[in-house]
>>> print(open('query29.tsv').read())   # TSV, C-alpha atoms
chain	number	residue	atom	x	y	z
A	1	MET	CA	76.26	16.08	-55.03
A	2	LYS	CA	77.05	13.11	-52.85
A	3	LYS	CA	77.66	9.57	-53.94
A	4	THR	CA	77.80	6.75	-51.43
A	5	ALA	CA	76.58	3.20	-50.85
A	6	CYS	CA	74.37	1.85	-48.08
A	7	LYS	CA	76.37	0.17	-45.33
A	8	ASP	CA	73.60	-2.32	-44.67
A	9	CYS	CA	72.41	-3.46	-48.09
A	10	GLY	CA	75.01	-2.23	-50.59
A	11	LEU	CA	72.68	0.01	-52.61
A	12	VAL	CA	74.48	2.78	-54.50
A	13	ILE	CA	72.94	6.11	-53.52
A	14	GLU	CA	73.29	9.41	-55.35
A	15	ILE	CA	71.96	12.59	-53.79
A	16	GLU	CA	71.73	15.62	-56.10
A	17	SER	CA	71.71	18.36	-53.48
A	18	PHE	CA	73.05	17.05	-50.20
A	19	ASP	CA	72.02	18.96	-47.09
A	20	ALA	CA	74.05	18.20	-43.97
A	21	THR	CA	71.25	19.27	-41.63
A	22	HIS	CA	68.91	16.47	-42.70
A	23	GLN	CA	68.74	12.78	-41.98
A	24	TYR	CA	68.97	10.43	-44.95
A	25	SER	CA	67.88	6.82	-45.13
A	26	CYS	CA	68.41	4.11	-47.71
A	27	PRO	CA	65.49	3.76	-50.18
A	28	ARG	CA	65.84	-0.03	-50.27
A	29	CYS	CA	66.48	-1.18	-46.69
A	30	LYS	CA	65.28	1.98	-44.89
A	31	SER	CA	68.30	2.12	-42.58
A	32	VAL	CA	69.65	5.57	-41.77
A	33	PHE	CA	73.00	6.23	-43.45
A	34	TYR	CA	73.43	9.89	-42.60
A	35	ARG	CA	72.45	11.52	-39.32
A	36	PRO	CA	73.42	15.16	-38.75
A	37	GLY	CA	75.60	15.80	-35.68
A	38	GLU	CA	75.89	18.85	-33.46
A	39	SER	CA	78.49	21.53	-34.13
A	40	PHE	CA	82.08	20.61	-33.26
A	41	ASP	CA	82.30	23.44	-30.72
A	42	LEU	CA	79.47	21.94	-28.73
A	43	VAL	CA	80.92	18.41	-28.93
A	44	LEU	CA	84.34	19.66	-27.88
A	45	MET	CA	82.83	21.49	-24.91
A	46	MET	CA	80.98	18.38	-23.77
A	47	ALA	CA	84.12	16.26	-24.17
A	48	ILE	CA	86.19	18.65	-22.07
A	49	SER	CA	83.55	18.83	-19.35
A	50	ALA	CA	83.36	15.03	-19.25
A	51	PHE	CA	87.11	14.98	-18.65
A	52	LEU	CA	86.85	17.55	-15.90
A	53	PHE	CA	84.15	15.50	-14.18
A	54	PHE	CA	86.25	12.36	-14.45
A	55	ILE	CA	89.54	13.44	-12.91
A	56	PRO	CA	88.23	14.06	-9.36
A	57	THR	CA	86.23	10.78	-9.35
A	58	LEU	CA	89.48	8.86	-9.39
A	59	PHE	CA	90.44	10.21	-5.98
A	60	LEU	CA	87.17	11.07	-4.23
A	61	PRO	CA	85.30	8.29	-2.44
A	62	ILE	CA	82.26	6.99	-4.33
A	63	LEU	CA	80.69	5.04	-1.48
A	64	THR	CA	81.06	4.41	2.24
A	65	LEU	CA	79.89	1.06	3.53
A	66	THR	CA	79.27	0.24	7.17
A	67	ILE	CA	78.78	-3.28	8.50
A	68	MET	CA	78.56	-3.68	12.28
A	69	GLY	CA	80.45	-0.53	13.05
A	70	GLN	CA	83.22	-1.26	10.56
A	71	SER	CA	83.24	1.27	7.77
A	72	HIS	CA	85.06	1.27	4.49
A	73	SER	CA	85.03	3.85	1.71
A	74	VAL	CA	86.00	3.17	-1.88
A	75	THR	CA	87.32	5.44	-4.61
A	76	LEU	CA	86.96	4.50	-8.24
A	77	LEU	CA	90.69	3.91	-8.53
A	78	GLU	CA	90.57	1.55	-5.54
A	79	ALA	CA	87.57	-0.25	-6.96
A	80	VAL	CA	89.53	-0.93	-10.12
A	81	LEU	CA	92.88	-1.66	-8.49
A	82	PHE	CA	91.44	-3.90	-5.79
A	83	PHE	CA	90.77	-6.63	-8.30
A	84	PHE	CA	94.40	-6.84	-9.21
A	85	HIS	CA	95.31	-7.60	-5.61
A	86	ASP	CA	92.80	-10.36	-5.43
A	87	GLY	CA	93.66	-12.11	-8.67
A	88	TYR	CA	90.47	-11.58	-10.66
A	89	TYR	CA	92.55	-10.23	-13.49
A	90	VAL	CA	90.38	-11.10	-16.46
A	91	ILE	CA	87.12	-9.73	-15.11
A	92	ALA	CA	88.91	-6.74	-13.62
A	93	ILE	CA	90.50	-5.86	-16.93
A	94	ILE	CA	87.31	-6.37	-18.92
A	95	ALA	CA	84.98	-4.50	-16.55
A	96	SER	CA	87.27	-1.54	-15.99
A	97	SER	CA	88.26	-1.18	-19.63
A	98	VAL	CA	84.83	-1.33	-21.25
A	99	GLY	CA	83.18	0.61	-18.44
A	100	VAL	CA	85.73	3.36	-17.83
A	101	PHE	CA	88.91	3.28	-19.90
A	102	ILE	CA	87.53	2.82	-23.41
A	103	PRO	CA	85.02	5.69	-22.90
A	104	LEU	CA	87.95	7.83	-21.74
A	105	VAL	CA	90.06	6.86	-24.75
A	106	LEU	CA	87.14	7.67	-27.06
A	107	LEU	CA	86.71	11.09	-25.45
A	108	PHE	CA	90.41	11.72	-25.90
A	109	MET	CA	90.21	10.66	-29.57
A	110	ILE	CA	87.23	12.95	-30.21
A	111	MET	CA	89.22	15.86	-28.81
A	112	MET	CA	92.30	14.92	-30.83
A	113	LEU	CA	90.18	14.82	-33.98
A	114	ILE	CA	88.22	18.03	-33.44
A	115	ILE	CA	90.98	20.33	-32.17
A	116	PRO	CA	93.10	20.17	-35.39
A	117	ALA	CA	89.92	20.77	-37.41
A	118	LYS	CA	89.26	23.91	-35.35
A	119	ILE	CA	92.79	25.20	-35.84
A	120	GLY	CA	92.57	24.37	-39.53
A	121	LYS	CA	95.33	21.82	-39.82
A	122	PRO	CA	95.02	18.69	-41.96
A	123	ILE	CA	95.21	15.42	-40.02
A	124	ARG	CA	97.25	12.99	-42.06
A	125	LYS	CA	98.88	11.57	-38.96
A	126	LEU	CA	95.58	11.21	-37.13
A	127	LYS	CA	93.93	9.07	-39.76
A	128	GLY	CA	95.03	5.91	-37.99
A	129	LEU	CA	93.50	7.23	-34.79
A	130	PHE	CA	90.20	7.65	-36.53
A	131	ARG	CA	90.20	4.03	-37.61
A	132	TYR	CA	90.58	2.96	-34.00
A	133	TYR	CA	87.68	5.23	-33.01
A	134	GLU	CA	85.29	3.31	-35.24
A	135	HIS	CA	86.59	-0.03	-33.99
A	136	LEU	CA	86.39	0.91	-30.32
A	137	LEU	CA	82.89	2.32	-30.44
A	138	PRO	CA	81.03	-0.99	-29.90
A	139	TRP	CA	83.21	-1.68	-26.85
A	140	SER	CA	82.36	1.39	-24.87
A	141	MET	CA	79.71	0.56	-22.29
A	142	ALA	CA	79.68	3.60	-20.02
A	143	GLU	CA	75.89	3.78	-19.89
A	144	VAL	CA	75.66	0.14	-18.82
A	145	TYR	CA	78.24	0.79	-16.12
A	146	LEU	CA	76.13	3.68	-14.81
A	147	VAL	CA	73.04	1.50	-14.41
A	148	SER	CA	75.11	-1.27	-12.84
A	149	ILE	CA	76.31	1.14	-10.13
A	150	PHE	CA	72.71	1.72	-9.11
A	151	VAL	CA	71.89	-1.99	-9.18
A	152	ALA	CA	74.93	-2.69	-6.99
A	153	ILE	CA	73.84	0.00	-4.56
A	154	VAL	CA	70.37	-1.50	-4.20
A	155	LYS	CA	71.88	-4.96	-3.70
A	156	LEU	CA	74.33	-3.70	-1.08
A	157	ALA	CA	71.65	-1.77	0.78
A	158	GLY	CA	70.36	-5.11	2.03
A	159	MET	CA	73.70	-6.11	3.58
A	160	ALA	CA	75.22	-2.91	4.89
A	161	THR	CA	74.57	0.72	5.68
A	162	LEU	CA	75.44	2.82	2.69
A	163	LYS	CA	76.45	6.42	2.33
A	164	LEU	CA	76.77	7.79	-1.19
A	165	ASP	CA	79.69	10.16	-1.59
A	166	VAL	CA	80.45	13.06	-3.87
A	167	GLY	CA	82.63	10.92	-6.16
A	168	LEU	CA	79.59	8.98	-7.28
A	169	VAL	CA	77.72	12.14	-8.25
A	170	LEU	CA	80.69	13.31	-10.32
A	171	PHE	CA	81.00	9.90	-11.93
A	172	VAL	CA	77.33	10.03	-12.96
A	173	PHE	CA	77.94	13.46	-14.48
A	174	PHE	CA	81.01	12.10	-16.29
A	175	LEU	CA	79.05	9.23	-17.81
A	176	LEU	CA	76.16	11.48	-18.84
A	177	SER	CA	78.35	14.07	-20.52
A	178	TYR	CA	80.37	11.30	-22.16
A	179	TYR	CA	77.18	9.81	-23.56
A	180	VAL	CA	76.03	13.18	-24.91
A	181	THR	CA	79.45	13.74	-26.52
A	182	VAL	CA	79.41	10.44	-28.37
A	183	THR	CA	75.84	10.86	-29.63
A	184	TRP	CA	76.47	14.40	-30.82
A	185	PHE	CA	79.74	13.62	-32.56
A	186	ASN	CA	79.31	12.87	-36.25
A	187	ALA	CA	82.48	11.40	-37.68
A	188	GLU	CA	81.34	11.72	-41.29
A	189	ASP	CA	80.91	15.49	-40.93
A	190	LEU	CA	84.48	15.63	-39.74
A	191	TRP	CA	85.69	13.86	-42.87
A	192	ASN	CA	83.72	16.24	-45.09
A	193	HIS	CA	85.20	19.14	-43.14
A	194	TYR	CA	88.74	17.87	-43.77
A	195	ASP	CA	87.94	17.31	-47.45
A	196	GLU	CA	87.02	20.98	-47.70
A	197	LEU	CA	90.20	21.98	-45.87
A	198	GLU	CA	92.39	20.02	-48.28
A	199	ASP	CA	90.66	21.28	-51.44
B	1	MET	CA	61.07	-7.35	-58.54
B	2	MET	CA	62.92	-4.11	-59.09
B	3	ASN	CA	66.54	-4.13	-60.04
B	4	TRP	CA	68.59	-2.01	-57.72
B	5	LYS	CA	72.02	-0.55	-58.48
B	6	THR	CA	74.31	-2.05	-55.86
B	7	ASP	CA	78.01	-1.66	-55.20
B	8	ILE	CA	78.57	-5.08	-56.79
B	9	SER	CA	76.66	-4.33	-60.00
B	10	GLU	CA	78.31	-0.90	-60.29
B	11	GLY	CA	81.79	-2.18	-59.43
B	12	LYS	CA	82.23	0.03	-56.39
B	13	VAL	CA	83.78	-0.53	-52.95
B	14	LEU	CA	82.58	1.31	-49.85
B	15	CYS	CA	84.98	2.17	-47.03
B	16	LEU	CA	83.19	1.11	-43.85
B	17	ILE	CA	85.20	3.53	-41.72
B	18	CYS	CA	84.66	6.86	-43.45
B	19	GLU	CA	81.98	5.88	-46.00
B	20	GLU	CA	83.88	7.02	-49.07
B	21	LEU	CA	83.01	5.21	-52.31
B	22	HIS	CA	85.87	3.78	-54.37
B	23	ASP	CA	86.37	1.89	-57.63
B	24	LEU	CA	86.72	-1.87	-57.49
B	25	GLU	CA	90.48	-2.14	-58.01
B	26	GLU	CA	91.39	-0.03	-54.96
B	27	VAL	CA	92.40	-1.88	-51.80
B	28	GLN	CA	93.05	1.05	-49.50
B	29	CYS	CA	90.74	3.97	-48.75
B	30	ARG	CA	92.19	7.15	-50.23
B	31	ARG	CA	90.59	9.26	-47.51
B	32	CYS	CA	91.26	7.38	-44.27
B	33	SER	CA	93.74	4.75	-45.56
B	34	ALA	CA	91.81	1.84	-44.05
B	35	SER	CA	91.97	-1.39	-46.04
B	36	ILE	CA	88.74	-1.88	-47.96
B	37	SER	CA	86.90	-4.77	-49.59
B	38	GLN	CA	83.49	-5.10	-51.15
B	39	ARG	CA	82.25	-7.45	-48.40
B	40	LYS	CA	83.84	-8.11	-45.04
B	41	PRO	CA	86.43	-10.86	-45.67
B	42	SER	CA	85.36	-14.38	-44.59
B	43	SER	CA	82.41	-12.83	-42.81
B	44	ILE	CA	80.17	-15.91	-42.72
B	45	SER	CA	82.69	-18.43	-41.42
B	46	GLN	CA	83.98	-16.03	-38.76
B	47	THR	CA	80.47	-15.18	-37.61
B	48	TRP	CA	79.64	-18.90	-37.33
B	49	ALA	CA	82.77	-19.54	-35.30
B	50	TYR	CA	82.16	-16.72	-32.82
B	51	VAL	CA	78.47	-17.41	-32.43
B	52	LEU	CA	79.13	-21.10	-31.69
B	53	ALA	CA	81.79	-20.16	-29.14
B	54	ALA	CA	79.36	-17.74	-27.49
B	55	THR	CA	76.68	-20.44	-27.29
B	56	LEU	CA	79.07	-22.84	-25.60
B	57	PHE	CA	80.10	-20.20	-23.06
B	58	LEU	CA	76.49	-19.40	-22.24
B	59	ILE	CA	75.81	-22.89	-20.84
B	60	PRO	CA	78.17	-22.78	-17.83
B	61	ALA	CA	77.30	-19.11	-17.41
B	62	ASN	CA	73.75	-20.03	-16.51
B	63	LEU	CA	74.47	-23.11	-14.41
B	64	MET	CA	77.37	-21.98	-12.23
B	65	PRO	CA	77.32	-19.34	-9.49
B	66	MET	CA	77.87	-15.76	-10.58
B	67	MET	CA	79.15	-14.61	-7.20
B	68	VAL	CA	79.86	-16.17	-3.83
B	69	VAL	CA	78.98	-14.20	-0.70
B	70	THR	CA	80.86	-15.22	2.43
B	71	SER	CA	79.35	-13.85	5.59
B	72	MET	CA	79.79	-15.18	9.14
B	73	GLY	CA	81.81	-18.10	7.86
B	74	THR	CA	79.20	-19.47	5.45
B	75	ASP	CA	79.62	-19.45	1.70
B	76	GLU	CA	76.63	-18.77	-0.46
B	77	GLY	CA	76.82	-18.90	-4.23
B	78	SER	CA	74.11	-17.55	-6.47
B	79	THR	CA	73.49	-18.14	-10.17
B	80	ILE	CA	72.02	-15.54	-12.51
B	81	MET	CA	68.48	-16.83	-12.03
B	82	GLU	CA	68.89	-16.91	-8.25
B	83	GLY	CA	69.96	-13.26	-8.43
B	84	VAL	CA	66.75	-12.45	-10.27
B	85	ILE	CA	64.68	-14.40	-7.72
B	86	TYR	CA	66.44	-12.53	-4.89
B	87	PHE	CA	65.16	-9.23	-6.23
B	88	LEU	CA	61.66	-10.57	-6.80
B	89	ALA	CA	61.57	-11.96	-3.24
B	90	HIS	CA	62.58	-8.55	-1.90
B	91	LYS	CA	59.82	-6.86	-3.90
B	92	GLU	CA	62.32	-5.04	-6.15
B	93	TYR	CA	60.39	-6.01	-9.28
B	94	GLY	CA	61.91	-3.32	-11.50
B	95	LEU	CA	65.49	-4.37	-10.78
B	96	GLY	CA	64.63	-8.04	-11.03
B	97	LEU	CA	63.20	-7.38	-14.46
B	98	ILE	CA	66.28	-5.38	-15.54
B	99	ILE	CA	68.64	-8.17	-14.47
B	100	PHE	CA	66.46	-10.82	-16.10
B	101	VAL	CA	66.23	-8.94	-19.39
B	102	ALA	CA	69.91	-7.97	-19.42
B	103	SER	CA	71.45	-11.29	-18.48
B	104	VAL	CA	68.98	-13.97	-19.58
B	105	ALA	CA	66.69	-12.63	-22.29
B	106	VAL	CA	69.09	-10.38	-24.22
B	107	PRO	CA	71.96	-12.91	-24.65
B	108	ILE	CA	69.60	-15.64	-25.83
B	109	PHE	CA	67.76	-13.24	-28.15
B	110	LYS	CA	71.03	-11.97	-29.62
B	111	LEU	CA	72.37	-15.42	-30.33
B	112	SER	CA	69.13	-16.59	-31.93
B	113	VAL	CA	69.03	-13.49	-34.14
B	114	ILE	CA	72.59	-14.12	-35.35
B	115	TYR	CA	71.72	-17.77	-36.12
B	116	PHE	CA	68.63	-16.56	-37.98
B	117	LEU	CA	70.72	-14.12	-40.04
B	118	LEU	CA	73.27	-16.80	-40.89
B	119	LEU	CA	70.46	-19.14	-41.97
B	120	ILE	CA	68.97	-16.41	-44.18
B	121	ILE	CA	72.30	-16.31	-46.03
B	122	ALA	CA	72.79	-20.08	-46.03
B	123	PHE	CA	69.33	-20.74	-47.56
B	124	LYS	CA	69.34	-17.60	-49.75
B	125	GLN	CA	66.08	-16.27	-48.32
B	126	LYS	CA	66.45	-12.84	-49.87
B	127	GLU	CA	62.86	-11.79	-49.10
B	128	LYS	CA	63.62	-12.09	-45.37
B	129	ALA	CA	66.60	-9.76	-45.63
B	130	LYS	CA	64.67	-6.65	-44.53
B	131	LEU	CA	63.34	-8.38	-41.43
B	132	GLY	CA	66.82	-9.70	-40.73
B	133	LEU	CA	68.31	-6.24	-41.02
B	134	LYS	CA	65.74	-4.83	-38.58
B	135	LEU	CA	66.66	-7.51	-36.04
B	136	PHE	CA	70.36	-6.84	-36.69
B	137	HIS	CA	69.85	-3.16	-35.82
B	138	ILE	CA	67.98	-4.15	-32.65
B	139	ILE	CA	70.75	-6.43	-31.38
B	140	HIS	CA	73.26	-3.68	-32.07
B	141	CYS	CA	71.38	-1.36	-29.72
B	142	ILE	CA	70.69	-3.79	-26.89
B	143	GLY	CA	73.85	-5.87	-27.07
B	144	LYS	CA	75.88	-3.91	-24.54
B	145	TRP	CA	73.29	-4.29	-21.82
B	146	SER	CA	74.09	-7.93	-21.23
B	147	MET	CA	77.32	-6.82	-19.53
B	148	LEU	CA	75.21	-5.30	-16.73
B	149	ASP	CA	75.40	-8.25	-14.38
B	150	ILE	CA	79.15	-8.58	-14.81
B	151	PHE	CA	79.61	-4.95	-13.83
B	152	VAL	CA	77.35	-5.39	-10.81
B	153	VAL	CA	79.40	-8.36	-9.63
B	154	ALA	CA	82.67	-6.56	-10.29
B	155	LEU	CA	81.53	-3.51	-8.33
B	156	MET	CA	80.24	-5.56	-5.43
B	157	VAL	CA	83.39	-7.60	-5.16
B	158	SER	CA	85.50	-4.47	-4.95
B	159	MET	CA	83.20	-2.72	-2.51
B	160	VAL	CA	82.37	-5.44	-0.01
B	161	GLN	CA	85.62	-6.42	1.63
B	162	PHE	CA	85.32	-6.73	5.39
B	163	GLN	CA	87.82	-9.34	6.46
B	164	GLY	CA	86.16	-11.88	8.72
B	165	LEU	CA	82.70	-10.34	8.44
B	166	ALA	CA	81.66	-10.35	4.82
B	167	THR	CA	83.43	-10.78	1.50
B	168	ILE	CA	82.18	-11.32	-2.02
B	169	GLN	CA	84.02	-13.31	-4.65
B	170	THR	CA	83.28	-13.82	-8.31
B	171	GLY	CA	82.03	-17.26	-9.30
B	172	ALA	CA	82.91	-19.37	-12.30
B	173	ALA	CA	79.89	-18.11	-14.23
B	174	ALA	CA	81.18	-14.54	-14.32
B	175	ILE	CA	84.10	-15.37	-16.57
B	176	SER	CA	82.12	-17.61	-18.92
B	177	PHE	CA	79.31	-15.06	-19.13
B	178	CYS	CA	81.89	-12.42	-20.01
B	179	GLY	CA	83.19	-14.72	-22.73
B	180	ALA	CA	79.70	-15.29	-24.08
B	181	VAL	CA	78.96	-11.55	-24.28
B	182	ILE	CA	82.29	-10.69	-25.87
B	183	PHE	CA	82.06	-13.44	-28.50
B	184	THR	CA	78.50	-12.36	-29.33
B	185	ILE	CA	79.64	-8.77	-29.88
B	186	ILE	CA	82.53	-9.94	-32.08
B	187	ALA	CA	80.13	-12.18	-34.04
B	188	SER	CA	77.78	-9.28	-34.77
B	189	GLU	CA	80.73	-7.07	-35.73
B	190	LYS	CA	82.02	-9.70	-38.16
B	191	PHE	CA	78.61	-10.16	-39.75
B	192	ASP	CA	78.07	-8.27	-42.99
B	193	PRO	CA	74.33	-7.57	-43.48
B	194	ARG	CA	74.86	-6.75	-47.16
B	195	LEU	CA	75.38	-10.47	-47.81
B	196	MET	CA	71.66	-11.01	-47.13
B	197	PHE	CA	70.71	-8.64	-49.96
B	198	ASP	CA	73.20	-9.99	-52.52
B	199	LYS	CA	72.05	-12.29	-55.30
>>> encode(input="query29.tsv", output="structure tokens")
Amino acid sequence: MKKTACKDCGLVIEIESFDATHQYSCPRCKSVFYRPGESFDLVLMMAISAFLFFIPTLFLPILTLTIMGQSHSVTLLEAVLFFFHDGYYVIAIIASSVGVFIPLVLLFMIMMLIIPAKIGKPIRKLKGLFRYYEHLLPWSMAEVYLVSIFVAIVKLAGMATLKLDVGLVLFVFFLLSYYVTVTWFNAEDLWNHYDELED
Amino acid sequence: MMNWKTDISEGKVLCLICEELHDLEEVQCRRCSASISQRKPSSISQTWAYVLAATLFLIPANLMPMMVVTSMGTDEGSTIMEGVIYFLAHKEYGLGLIIFVASVAVPIFKLSVIYFLLLIIAFKQKEKAKLGLKLFHIIHCIGKWSMLDIFVVALMVSMVQFQGLATIQTGAAAISFCGAVIFTIIASEKFDPRLMFDK
């Protein structure tokens, strides 16, 4: 038995026998209010692998550019830090936070939420963290950042000779596994799991 | 017209963070301790404010140069539309289309949808609520993609730095476009679609 209300139209919904493996949508406005997620083990594994892909990208070069014999390679960390030298603070902060840092923070939060559930500890202290997760979600734009890297590469190809480096490949893997983690993670399941733990 | 049981008619409050249903007198979610209210507080006036701010920011964003390329001592600024034309002229039709959709079509579409939703509430057009909700879901999915051009500019600025040969700087449009996108996202976060369905 599950009693909830639709987030989008306010309809009160009662489900006699709730089955967590099915998708449920609101009878009035047809928007989906429950979508089953993957198992927490799988999500945790994806989150950890995303982290492992990310750490080396900070230090490995993502691109090498050559213009008239002068070559210059950039790591992700340099790409982010460069802006701060040049005074484009606002755009630097916005682009690097929504493209890289917020996705990282979200990954970290997912791990912090799932690991206690696995060990079987209640999460009273982490409740605040969970609230931030929901608020941060619309600000994570990792997938947009991924496409923008390719657009930038095509644009640069016209001005300079480009060599793609291993850092870029790892960064693509990071963004892909991040994206999979976030789509597989179902926060509502986690709450139901904790409810069962506390009962 | 059928009469639906809504959270207002039943005297219930839904927590938007963890989707637990509460009785009307509660102000804090007993599961995730987020503060709860039946409808998002001052949703309409805040949405109006942010959507108007976003509209104002969009005007300079389209008229001023997005980035300035300095090569061999000459400065060349290009606006968003000039960027699109650059790709079309170089027979990169796919990328030209992506940039056009992401930075011209999507922002304008998003803003007009939010205006439409606000007008549905202002004129109490309850029968348009379902259409409005569908559009609201669409802008939620595509909203992030308007940051694409900002990321491209940010990446190019940090990658192309060859003193004396070629440098790229961000133009005035980048910051106002950023502002427009951010205010649009805040506006759609502040908007409460349930208000369209209420009597």
>>> closest_atom_pairs(input="query29.tsv", of="region 136-184 of chain B", to="region 54-64 of chain A", cutoff="12 Å", atoms="only C-alpha atoms", output="Markdown table")
| residue | atom | partner | partner_atom | distance |
| --- | --- | --- | --- | --- |
| B:Leu155 | CA | A:Leu63 | CA | 11.0 |
| B:Met156 | CA | A:Leu63 | CA | 11.3 |
| B:Ser158 | CA | A:Leu63 | CA | 11.2 |
| B:Met159 | CA | A:Leu63 | CA | 8.2 |
| B:Val160 | CA | A:Thr64 | CA | 10.2 |
| B:Gln161 | CA | A:Thr64 | CA | 11.8 |
>>> axis_aligned_box(input="query29.tsv", around="region 106-110 of chain A", padding_each_side="4 Å", output="JSON")
{"center_x": 88.6, "center_y": 10.3, "center_z": -27.8, "size_x": 11.7, "size_y": 13.3, "size_z": 12.8}
>>> residues_near_point(input="query29.tsv", point="(74.2, -23.5, -17.5)", cutoff="12 Å", atoms="only C-alpha atoms", output="VMD selection string")
chain B and resid 55 to 66 79 to 81 104 172 to 174 176 to 177 180
>>> closest_residue(input="query29.tsv", among="A:Asp8, A:Gly37, A:Ala47, A:Leu113", to="Thr21 (chain A)", atoms="all atoms listed in the file")
A:Gly37
>>> interface_residues(input="query29.tsv", of="chain B", to="chain A", cutoff="6 Å", atoms="all atoms listed in the file", output="PDB file with C-alpha atoms, in the frame of the given file")
ATOM      1  CA  LYS B   5      72.020  -0.550 -58.480  1.00  0.00           C
ATOM      2  CA  THR B   6      74.310  -2.050 -55.860  1.00  0.00           C
ATOM      3  CA  ASP B   7      78.010  -1.660 -55.200  1.00  0.00           C
ATOM      4  CA  LEU B  21      83.010   5.210 -52.310  1.00  0.00           C
ATOM      5  CA  CYS B  32      91.260   7.380 -44.270  1.00  0.00           C
ATOM      6  CA  TRP B 145      73.290  -4.290 -21.820  1.00  0.00           C
ATOM      7  CA  LEU B 148      75.210  -5.300 -16.730  1.00  0.00           C
ATOM      8  CA  PHE B 151      79.610  -4.950 -13.830  1.00  0.00           C
ATOM      9  CA  VAL B 152      77.350  -5.390 -10.810  1.00  0.00           C
ATOM     10  CA  SER B 158      85.500  -4.470  -4.950  1.00  0.00           C
ATOM     11  CA  PRO B 193      74.330  -7.570 -43.480  1.00  0.00           C
ATOM     12  CA  ARG B 194      74.860  -6.750 -47.160  1.00  0.00           C
ATOM     13  CA  PHE B 197      70.710  -8.640 -49.960  1.00  0.00           C
TER      14      PHE B 197
END
>>> closest_residue(input="query29.tsv", among="A:Ser17, A:Thr181, A:Asn186, A:Thr161", to="Leu107 (chain A)", atoms="all atoms listed in the file")
A:Thr181
>>> closest_residue(input="query29.tsv", among="A:Met112, A:Ala117, A:Val105, A:Met1", to="Tyr178 (chain A)", atoms="all atoms listed in the file")
A:Val105
>>> atom_distance(input="query29.tsv", atom1="CA of Val157 (chain B)", atom2="CA of Gln169 (chain B)")
5.8 Å
